[in-house]
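Structure first, then comments.
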Amino acid sequence: MTTSTTPLPHLNWPQGDVTTIPYALYTDPDIFDLEMARIFQGRGWSYVGLEVEVREPGDYLVTNIGNRSVVIARNQEGNLTGFANRCAHRGVKICRQRRGNTRMFVCPYHQWSYNADGELRGVPFIKGVKQQGGMPDDFERADYNLPKLEIETRNGVIFASFDTSTPPLEEYLGVTNTTWFDRVFDGRELKVLGYSRQLIPGNWKLMFENIKDPYHASLLHVFLVTFGLFRADQKSQVLMDDTGAHGLLISQRGEQKADESTRDITNLKENFELADPRLLDPVKEYDGDATVVMQTVWPNLIVQQQSNTLALRQIQPRGPGSFELAWTFFAYADDDEEMVTRRLRQANLMSSAGLVSTDDSEVIKLAQDGISAFQDESGTLLMGGKGTDNEQHMVTEAAIRAFYKHYRAVMEI
């Protein structure tokens with residue numbers, strides 16, 4: 001792996017520049033390995049699940065931080081824990097189910113067993129058989145506990161980190177992002193409505209860029225612009241935290257009509273109507289006038305509020321050219337049946353096969369396809385200027401530039 005004192009020799013990226021992005025960032029395996037070490041195993045909080053998913057002692061879920069499989073569990077004392085999903089003996093995944101309930105985690109290979117804190121409790125034949133074999137006299141179980149994760153929660157959402165020096169979660173999010181995060185996660189008990197997973201043949205950063213990019217939303221997404229859900233002429237904001245790591249796209253729903261400001265939106269179809277208009281029957285439930293809020297939390301989380309549909313999207317990198325996107329759709333535990341039905345119906349807009357999100361999956365693949373053959377070249381991020389400050393409009397790539405400003409600092413490029 002490349003070290004912090006050795007620059008990547010094939011990466012042509014002028015110091016401090018965030019208006020050009022080398023295509024090698026999306027394709028090079030050495031860069032990917034460095035990202036996994038510095039970003040996902042480094043000093044930061046990764047989203048790993050909801051407390052409601054591990055409500056009772058013995059409950060667990062299996063997820064990823066970067067390309068590392070981890071287990072999030074609730075121990076017998078009722079505390080949340082997390083540890084690496086690999087046996088200390090030979091590295092085999094000890095937990096193969098996505099979620100469940102158990103008192104002990106047993107490796108399928110040699111049946112070493114661990115409790116919910118990742119502590120080694122059982123080793124078959126530790127004393128040998130008929131005075132033959134067995135572990136050495138100085139073998140101590142405590143030396144083979146699984147690597148533990150730091151765990152923090154906020155209003156029912158679980159974050160984890162491999163790094164013990166990661167700052168407190170609220171400080172990590174910053175004031176702006178904490179405020180908008182708490183708008184959705186306001187302390188009410190949550191209820192999981194369902195899951196969706198998709199494997200996208202593109203670099204994981206392209207997904208983060210996509211959510212930080214209001215420029216494309218008014219041009220690519222026929223459904224959004226046709227029905228006035230997200231358009232360049234609407235009242236909107238692009239907000240970042242002080243580091244540029246996290247970001248927000250905030251928009252207020254507009255009208256389904258064309259005017260001078262929409263002349264470049266060729267996908268606008270004024271005469272389109274829905275066979276079932278209930279797909280777009282939002283009701284106001286939050287303070288303020290924002291109807292769409294897309295929040296990105298470095299390095300792996302997208303918080304989605306589109307009208308009344310709510311979802312968490314977790315980015316799980318598989319390699320330089322692919323990532324898994326894990327969706328968790330949720331409601332509030334006190335929602336009535338009508339609201340739950342509304343949230344589920346509106347989930348048809350943004351999901352792995354949604355009327356809107358499927359566009360993003362396809363264009364990310366097309367981006368990866370185009371980039372892969374031109375690894376020595378670079379892309380351009382100049383819409384809205386060269387800055388990384390907040391904006392009060394959507395015709396900008398400021399949030400992507402801010403993302404790469406932070407990325408360069410963490411990666412020490």
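Residue numbering restarts at 1 in every chain; chains get A, B, ... in the order shown in the structure tokens, and ligands count up from 1 in that same order.
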
### Query
Could you name the residues that touch range 410-412 of chain A at 8 Å or less, counting only C-alpha atoms, but leaving out those on the same chain fewer than 5 positions away, as a list in words?
Ser4, Leu34, Glu35, Arg38 and Ile39 of chain A

Restricting it to C-alpha atoms, dump the selection as a PDB file, in the first residue's frame.
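The resulting file, out38.pdb, is reproduced below:
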ATOM      1  CA  SER A   4       1.569   8.968   3.347  1.00  0.00           C
ATOM      2  CA  LEU A  34      -5.561   3.678   0.516  1.00  0.00           C
ATOM      3  CA  GLU A  35      -9.182   4.863   0.757  1.00  0.00           C
ATOM      4  CA  ARG A  38      -7.460   6.196   5.547  1.00  0.00           C
ATOM      5  CA  ILE A  39     -11.183   6.869   5.124  1.00  0.00           C
TER       6      ILE A  39
END

Which of range 333-388 of chain A counts as alpha helix (DSSP H) under DSSP, as a JSON list (two decimals) with N, CA and C atoms, in the first residue's frame please?
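Saved as out_6.json:
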[["chain", "number", "residue", "atom", "x", "y", "z"],
["A", 337, "GLU", "N", -51.63, 4.04, 9.86],
["A", 337, "GLU", "CA", -51.57, 3.17, 8.69],
["A", 337, "GLU", "C", -51.57, 3.97, 7.40],
["A", 338, "GLU", "N", -52.32, 5.06, 7.38],
["A", 338, "GLU", "CA", -52.38, 5.89, 6.18],
["A", 338, "GLU", "C", -51.01, 6.49, 5.85],
["A", 339, "MET", "N", -50.29, 6.95, 6.86],
["A", 339, "MET", "CA", -48.97, 7.54, 6.62],
["A", 339, "MET", "C", -47.96, 6.47, 6.19],
["A", 340, "VAL", "N", -48.01, 5.31, 6.79],
["A", 340, "VAL", "CA", -47.10, 4.23, 6.39],
["A", 340, "VAL", "C", -47.33, 3.87, 4.93],
["A", 341, "THR", "N", -48.61, 3.76, 4.54],
["A", 341, "THR", "CA", -48.93, 3.45, 3.14],
["A", 341, "THR", "C", -48.41, 4.55, 2.23],
["A", 342, "ARG", "N", -48.55, 5.80, 2.64],
["A", 342, "ARG", "CA", -48.05, 6.92, 1.84],
["A", 342, "ARG", "C", -46.53, 6.83, 1.68],
["A", 343, "ARG", "N", -45.82, 6.54, 2.76],
["A", 343, "ARG", "CA", -44.36, 6.44, 2.70],
["A", 343, "ARG", "C", -43.94, 5.31, 1.75],
["A", 344, "LEU", "N", -44.63, 4.18, 1.84],
["A", 344, "LEU", "CA", -44.29, 3.05, 0.98],
["A", 344, "LEU", "C", -44.60, 3.35, -0.48],
["A", 345, "ARG", "N", -45.72, 4.00, -0.74],
["A", 345, "ARG", "CA", -46.09, 4.34, -2.12],
["A", 345, "ARG", "C", -45.06, 5.30, -2.71],
["A", 346, "GLN", "N", -44.68, 6.31, -1.95],
["A", 346, "GLN", "CA", -43.71, 7.28, -2.45],
["A", 346, "GLN", "C", -42.31, 6.69, -2.58],
["A", 357, "SER", "N", -34.35, 6.97, -9.03],
["A", 357, "SER", "CA", -33.02, 6.47, -8.68],
["A", 357, "SER", "C", -32.43, 5.54, -9.71],
["A", 358, "THR", "N", -33.26, 4.86, -10.48],
["A", 358, "THR", "CA", -32.72, 3.97, -11.50],
["A", 358, "THR", "C", -31.90, 4.74, -12.54],
["A", 359, "ASP", "N", -32.25, 6.02, -12.75],
["A", 359, "ASP", "CA", -31.45, 6.86, -13.66],
["A", 359, "ASP", "C", -30.02, 6.98, -13.14],
["A", 360, "ASP", "N", -29.89, 7.20, -11.82],
["A", 360, "ASP", "CA", -28.57, 7.38, -11.23],
["A", 360, "ASP", "C", -27.72, 6.12, -11.35],
["A", 361, "SER", "N", -28.33, 4.96, -11.11],
["A", 361, "SER", "CA", -27.59, 3.71, -11.21],
["A", 361, "SER", "C", -27.02, 3.53, -12.62],
["A", 362, "GLU", "N", -27.85, 3.84, -13.62],
["A", 362, "GLU", "CA", -27.40, 3.67, -15.00],
["A", 362, "GLU", "C", -26.30, 4.65, -15.35],
["A", 363, "VAL", "N", -26.45, 5.90, -14.94],
["A", 363, "VAL", "CA", -25.47, 6.91, -15.35],
["A", 363, "VAL", "C", -24.15, 6.70, -14.62],
["A", 364, "ILE", "N", -24.18, 6.15, -13.40],
["A", 364, "ILE", "CA", -22.94, 5.82, -12.69],
["A", 364, "ILE", "C", -22.18, 4.73, -13.45],
["A", 365, "LYS", "N", -22.91, 3.73, -13.95],
["A", 365, "LYS", "CA", -22.26, 2.69, -14.76],
["A", 365, "LYS", "C", -21.65, 3.31, -16.02],
["A", 366, "LEU", "N", -22.40, 4.20, -16.68],
["A", 366, "LEU", "CA", -21.89, 4.83, -17.89],
["A", 366, "LEU", "C", -20.65, 5.67, -17.60],
["A", 367, "ALA", "N", -20.65, 6.33, -16.43],
["A", 367, "ALA", "CA", -19.48, 7.11, -16.04],
["A", 367, "ALA", "C", -18.26, 6.20, -15.84],
["A", 368, "GLN", "N", -18.46, 5.09, -15.13],
["A", 368, "GLN", "CA", -17.35, 4.17, -14.90],
["A", 368, "GLN", "C", -16.85, 3.58, -16.23],
["A", 369, "ASP", "N", -17.78, 3.26, -17.12],
["A", 369, "ASP", "CA", -17.39, 2.73, -18.43],
["A", 369, "ASP", "C", -16.54, 3.74, -19.20],
["A", 370, "GLY", "N", -16.95, 5.00, -19.17],
["A", 370, "GLY", "CA", -16.21, 6.02, -19.90],
["A", 370, "GLY", "C", -14.86, 6.31, -19.29],
["A", 371, "ILE", "N", -14.82, 6.39, -17.96],
["A", 371, "ILE", "CA", -13.59, 6.71, -17.25],
["A", 371, "ILE", "C", -12.53, 5.63, -17.43],
["A", 372, "SER", "N", -12.95, 4.37, -17.41],
["A", 372, "SER", "CA", -12.01, 3.25, -17.34],
["A", 372, "SER", "C", -11.03, 3.21, -18.50]]

For range 59-63 of chain A, list every protein, DNA or RNA residue within 6 Å, evaluated using only C-alpha atoms, and leave out those in the same chain fewer than 3 positions away; present the list as a PDB file with N, CA and C atoms, in the first residue's frame.
ATOM      1  N   VAL A  54     -31.574  -3.896  16.349  1.00  0.00           N
ATOM      2  CA  VAL A  54     -30.904  -4.695  17.383  1.00  0.00           C
ATOM      3  C   VAL A  54     -31.479  -4.296  18.738  1.00  0.00           C
ATOM      4  N   GLU A  56     -33.196  -6.196  21.168  1.00  0.00           N
ATOM      5  CA  GLU A  56     -33.150  -7.085  22.317  1.00  0.00           C
ATOM      6  C   GLU A  56     -31.752  -7.672  22.523  1.00  0.00           C
ATOM      7  N   SER A  69     -16.268  -6.520   6.622  1.00  0.00           N
ATOM      8  CA  SER A  69     -17.507  -6.989   7.230  1.00  0.00           C
ATOM      9  C   SER A  69     -17.422  -6.835   8.750  1.00  0.00           C
ATOM     10  N   VAL A  70     -18.492  -6.329   9.343  1.00  0.00           N
ATOM     11  CA  VAL A  70     -18.531  -6.129  10.794  1.00  0.00           C
ATOM     12  C   VAL A  70     -19.873  -6.617  11.341  1.00  0.00           C
ATOM     13  N   VAL A  71     -19.872  -6.921  12.638  1.00  0.00           N
ATOM     14  CA  VAL A  71     -21.078  -7.332  13.339  1.00  0.00           C
ATOM     15  C   VAL A  71     -21.440  -6.251  14.354  1.00  0.00           C
ATOM     16  N   ILE A  72     -22.687  -5.838  14.346  1.00  0.00           N
ATOM     17  CA  ILE A  72     -23.224  -4.928  15.360  1.00  0.00           C
ATOM     18  C   ILE A  72     -24.204  -5.737  16.196  1.00  0.00           C
ATOM     19  N   ALA A  73     -24.028  -5.741  17.514  1.00  0.00           N
ATOM     20  CA  ALA A  73     -24.832  -6.608  18.372  1.00  0.00           C
ATOM     21  C   ALA A  73     -25.247  -5.874  19.635  1.00  0.00           C
ATOM     22  N   ARG A  74     -26.238  -6.442  20.305  1.00  0.00           N
ATOM     23  CA  ARG A  74     -26.606  -5.969  21.648  1.00  0.00           C
ATOM     24  C   ARG A  74     -26.283  -7.096  22.617  1.00  0.00           C
ATOM     25  N   ARG A  98     -27.563 -12.001   7.694  1.00  0.00           N
ATOM     26  CA  ARG A  98     -27.603 -10.534   7.773  1.00  0.00           C
ATOM     27  C   ARG A  98     -28.061 -10.045   9.139  1.00  0.00           C
ATOM     28  N   ARG A  99     -28.932 -10.795   9.777  1.00  0.00           N
ATOM     29  CA  ARG A  99     -29.415 -10.397  11.104  1.00  0.00           C
ATOM     30  C   ARG A  99     -30.006 -11.608  11.805  1.00  0.00           C
ATOM     31  N   GLY A 100     -30.114 -11.513  13.123  1.00  0.00           N
ATOM     32  CA  GLY A 100     -30.663 -12.624  13.891  1.00  0.00           C
ATOM     33  C   GLY A 100     -30.506 -12.375  15.377  1.00  0.00           C
ATOM     34  N   ASN A 101     -30.583 -13.448  16.142  1.00  0.00           N
ATOM     35  CA  ASN A 101     -30.427 -13.364  17.598  1.00  0.00           C
ATOM     36  C   ASN A 101     -29.645 -14.588  18.052  1.00  0.00           C
TER      37      ASN A 101
END

### Task
Using backbone DSSP assignments, extract all strand (DSSP E) residues from range 23-179 of chain A; output them as a PyMOL selection string.
chain A and resi 46-50+59-65+68-74+80-84+99-101+105-106+113-114+120-122+150-154+157-161

Atoms to include: N, CA and C atoms. Write the selected residues as a short mmCIF file (atom, residue, chain, number, x, y, z; two decimals), in the first residue's frame.
data_model
loop_
_atom_site.label_atom_id
_atom_site.label_comp_id
_atom_site.auth_asym_id
_atom_site.auth_seq_id
_atom_site.Cartn_x
_atom_site.Cartn_y
_atom_site.Cartn_z
N SER A 46 -18.88 5.77 10.62
CA SER A 46 -19.63 5.17 9.53
C SER A 46 -21.00 4.71 10.04
N TYR A 47 -22.03 4.98 9.26
CA TYR A 47 -23.36 4.46 9.59
C TYR A 47 -23.36 2.94 9.47
N VAL A 48 -23.96 2.26 10.46
CA VAL A 48 -24.00 0.79 10.43
C VAL A 48 -25.39 0.21 10.66
N GLY A 49 -26.37 1.00 11.09
CA GLY A 49 -27.70 0.43 11.29
C GLY A 49 -28.56 1.29 12.20
N LEU A 50 -29.72 0.77 12.53
CA LEU A 50 -30.67 1.43 13.42
C LEU A 50 -30.81 0.63 14.72
N ASP A 59 -29.65 -9.74 19.82
CA ASP A 59 -29.90 -9.30 18.45
C ASP A 59 -28.60 -8.84 17.80
N TYR A 60 -28.47 -9.10 16.52
CA TYR A 60 -27.28 -8.64 15.80
C TYR A 60 -27.64 -8.35 14.36
N LEU A 61 -26.79 -7.60 13.70
CA LEU A 61 -26.85 -7.40 12.26
C LEU A 61 -25.44 -7.40 11.72
N VAL A 62 -25.31 -7.81 10.47
CA VAL A 62 -24.02 -7.84 9.78
C VAL A 62 -24.04 -6.79 8.69
N THR A 63 -23.01 -5.97 8.65
CA THR A 63 -22.94 -4.91 7.65
C THR A 63 -21.48 -4.70 7.27
N ASN A 64 -21.21 -3.64 6.55
CA ASN A 64 -19.84 -3.34 6.12
C ASN A 64 -19.45 -1.94 6.51
N ILE A 65 -18.19 -1.76 6.87
CA ILE A 65 -17.55 -0.45 6.92
C ILE A 65 -16.46 -0.49 5.87
N ARG A 68 -14.82 -3.97 4.76
CA ARG A 68 -14.67 -4.87 5.90
C ARG A 68 -16.04 -5.24 6.47
N SER A 69 -16.27 -6.52 6.62
CA SER A 69 -17.51 -6.99 7.23
C SER A 69 -17.42 -6.84 8.75
N VAL A 70 -18.49 -6.33 9.34
CA VAL A 70 -18.53 -6.13 10.79
C VAL A 70 -19.87 -6.62 11.34
N VAL A 71 -19.87 -6.92 12.64
CA VAL A 71 -21.08 -7.33 13.34
C VAL A 71 -21.44 -6.25 14.35
N ILE A 72 -22.69 -5.84 14.35
CA ILE A 72 -23.22 -4.93 15.36
C ILE A 72 -24.20 -5.74 16.20
N ALA A 73 -24.03 -5.74 17.51
CA ALA A 73 -24.83 -6.61 18.37
C ALA A 73 -25.25 -5.87 19.63
N ARG A 74 -26.24 -6.44 20.31
CA ARG A 74 -26.61 -5.97 21.65
C ARG A 74 -26.28 -7.10 22.62
N LEU A 80 -24.90 -1.81 23.15
CA LEU A 80 -24.52 -2.02 21.76
C LEU A 80 -23.02 -2.25 21.64
N THR A 81 -22.65 -3.22 20.83
CA THR A 81 -21.25 -3.53 20.60
C THR A 81 -21.00 -3.71 19.11
N GLY A 82 -19.75 -3.73 18.73
CA GLY A 82 -19.39 -3.98 17.34
C GLY A 82 -18.01 -4.58 17.25
N PHE A 83 -17.82 -5.48 16.29
CA PHE A 83 -16.51 -6.10 16.13
C PHE A 83 -16.36 -6.63 14.70
N ALA A 84 -15.12 -6.89 14.33
CA ALA A 84 -14.82 -7.39 12.98
C ALA A 84 -15.41 -8.77 12.79
N ARG A 99 -28.93 -10.79 9.78
CA ARG A 99 -29.41 -10.40 11.10
C ARG A 99 -30.01 -11.61 11.80
N GLY A 100 -30.11 -11.51 13.12
CA GLY A 100 -30.66 -12.62 13.89
C GLY A 100 -30.51 -12.38 15.38
N ASN A 101 -30.58 -13.45 16.14
CA ASN A 101 -30.43 -13.36 17.60
C ASN A 101 -29.65 -14.59 18.05
N PHE A 105 -21.40 -16.39 18.91
CA PHE A 105 -21.06 -16.40 17.49
C PHE A 105 -20.00 -17.48 17.28
N VAL A 106 -20.33 -18.48 16.47
CA VAL A 106 -19.47 -19.65 16.33
C VAL A 106 -18.92 -19.71 14.91
N SER A 113 -15.68 -19.85 19.38
CA SER A 113 -16.93 -19.14 19.70
C SER A 113 -16.65 -17.85 20.46
N TYR A 114 -17.48 -16.84 20.16
CA TYR A 114 -17.31 -15.50 20.71
C TYR A 114 -18.64 -15.01 21.26
N LEU A 120 -13.36 -14.00 22.84
CA LEU A 120 -13.23 -15.44 22.61
C LEU A 120 -13.62 -16.21 23.87
N ARG A 121 -14.55 -17.15 23.72
CA ARG A 121 -15.04 -17.90 24.88
C ARG A 121 -14.77 -19.40 24.75
N GLY A 122 -14.77 -19.92 23.53
CA GLY A 122 -14.59 -21.35 23.39
C GLY A 122 -13.64 -21.72 22.29
N GLU A 150 -15.61 1.28 17.98
CA GLU A 150 -16.22 2.33 18.78
C GLU A 150 -17.66 2.50 18.29
N ILE A 151 -18.59 2.70 19.20
CA ILE A 151 -20.01 2.82 18.85
C ILE A 151 -20.57 4.12 19.42
N GLU A 152 -21.30 4.86 18.60
CA GLU A 152 -22.09 6.01 19.07
C GLU A 152 -23.45 5.96 18.40
N THR A 153 -24.46 6.42 19.09
CA THR A 153 -25.79 6.50 18.51
C THR A 153 -26.32 7.92 18.63
N ARG A 154 -27.23 8.23 17.71
CA ARG A 154 -27.94 9.51 17.80
C ARG A 154 -29.37 9.30 17.37
N VAL A 157 -30.02 6.06 15.49
CA VAL A 157 -29.14 5.71 14.38
C VAL A 157 -27.76 5.34 14.95
N ILE A 158 -27.20 4.23 14.47
CA ILE A 158 -25.94 3.71 15.00
C ILE A 158 -24.79 4.03 14.05
N PHE A 159 -23.72 4.55 14.65
CA PHE A 159 -22.48 4.80 13.91
C PHE A 159 -21.35 4.03 14.59
N ALA A 160 -20.36 3.64 13.81
CA ALA A 160 -19.23 2.88 14.35
C ALA A 160 -17.93 3.36 13.72
N SER A 161 -16.83 3.09 14.41
CA SER A 161 -15.52 3.51 13.92
C SER A 161 -14.46 2.51 14.37
#

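Minimum distance to Leu173 in chain A across A:Leu310, A:Ala88, A:Met240, A:Ala37 (counting only C-alpha atoms) occurs at A:Met240.
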
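The shell of residues at most 8 Å from Phe403 in chain A, with only C-alpha atoms counted and near chain neighbours (fewer than 2 positions) removed, consists of Gly244, Ala245, His246, Ala399, Ile400, Arg401, Lys405, His406 and Tyr407 of chain A.
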
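If only C-alpha atoms are the atoms counted, then among A:Gln198, A:Gln234, A:Thr164, A:Gln392 the closest residue to Gln314 in chain A is A:Gln198.
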
### Task
Work out how far CA of Lys93 in chain A is from CA of Asp143 in chain A, in Å to one decimal.
18.6 Å

### Message
So that I can see what lies close to Val238 in chain A, please list as JSON, numbers by chain the residues with an atom at most 12 Å from it, counting only C-alpha atoms and leaving out residues fewer than 3 positions away in the same chain.
### Response
{"A": [176, 177, 211, 212, 213, 214, 215, 235, 241, 244, 246, 247, 248, 249, 250, 251, 292, 293, 294, 295, 296, 384, 388, 389, 390, 391, 392, 393, 394, 395, 396, 397, 398, 399, 400, 402]}

### Task
Check the smallest atom-to-atom distance from each of A:Glu171, A:Pro14, A:Ser352, A:Pro124 to Arg197 in chain A using only C-alpha atoms, then report the winner.
A:Ser352

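Closest to Gln41 in chain A among A:Pro299, A:Gly128, A:Gly91, A:Pro201 is A:Pro299, based on only C-alpha atoms.
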
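Take the candidates A:Leu11, A:Phe323, A:Asp33, A:Arg253 and check each one against Phe230 in chain A using only C-alpha atoms; the shortest distance goes to A:Arg253.
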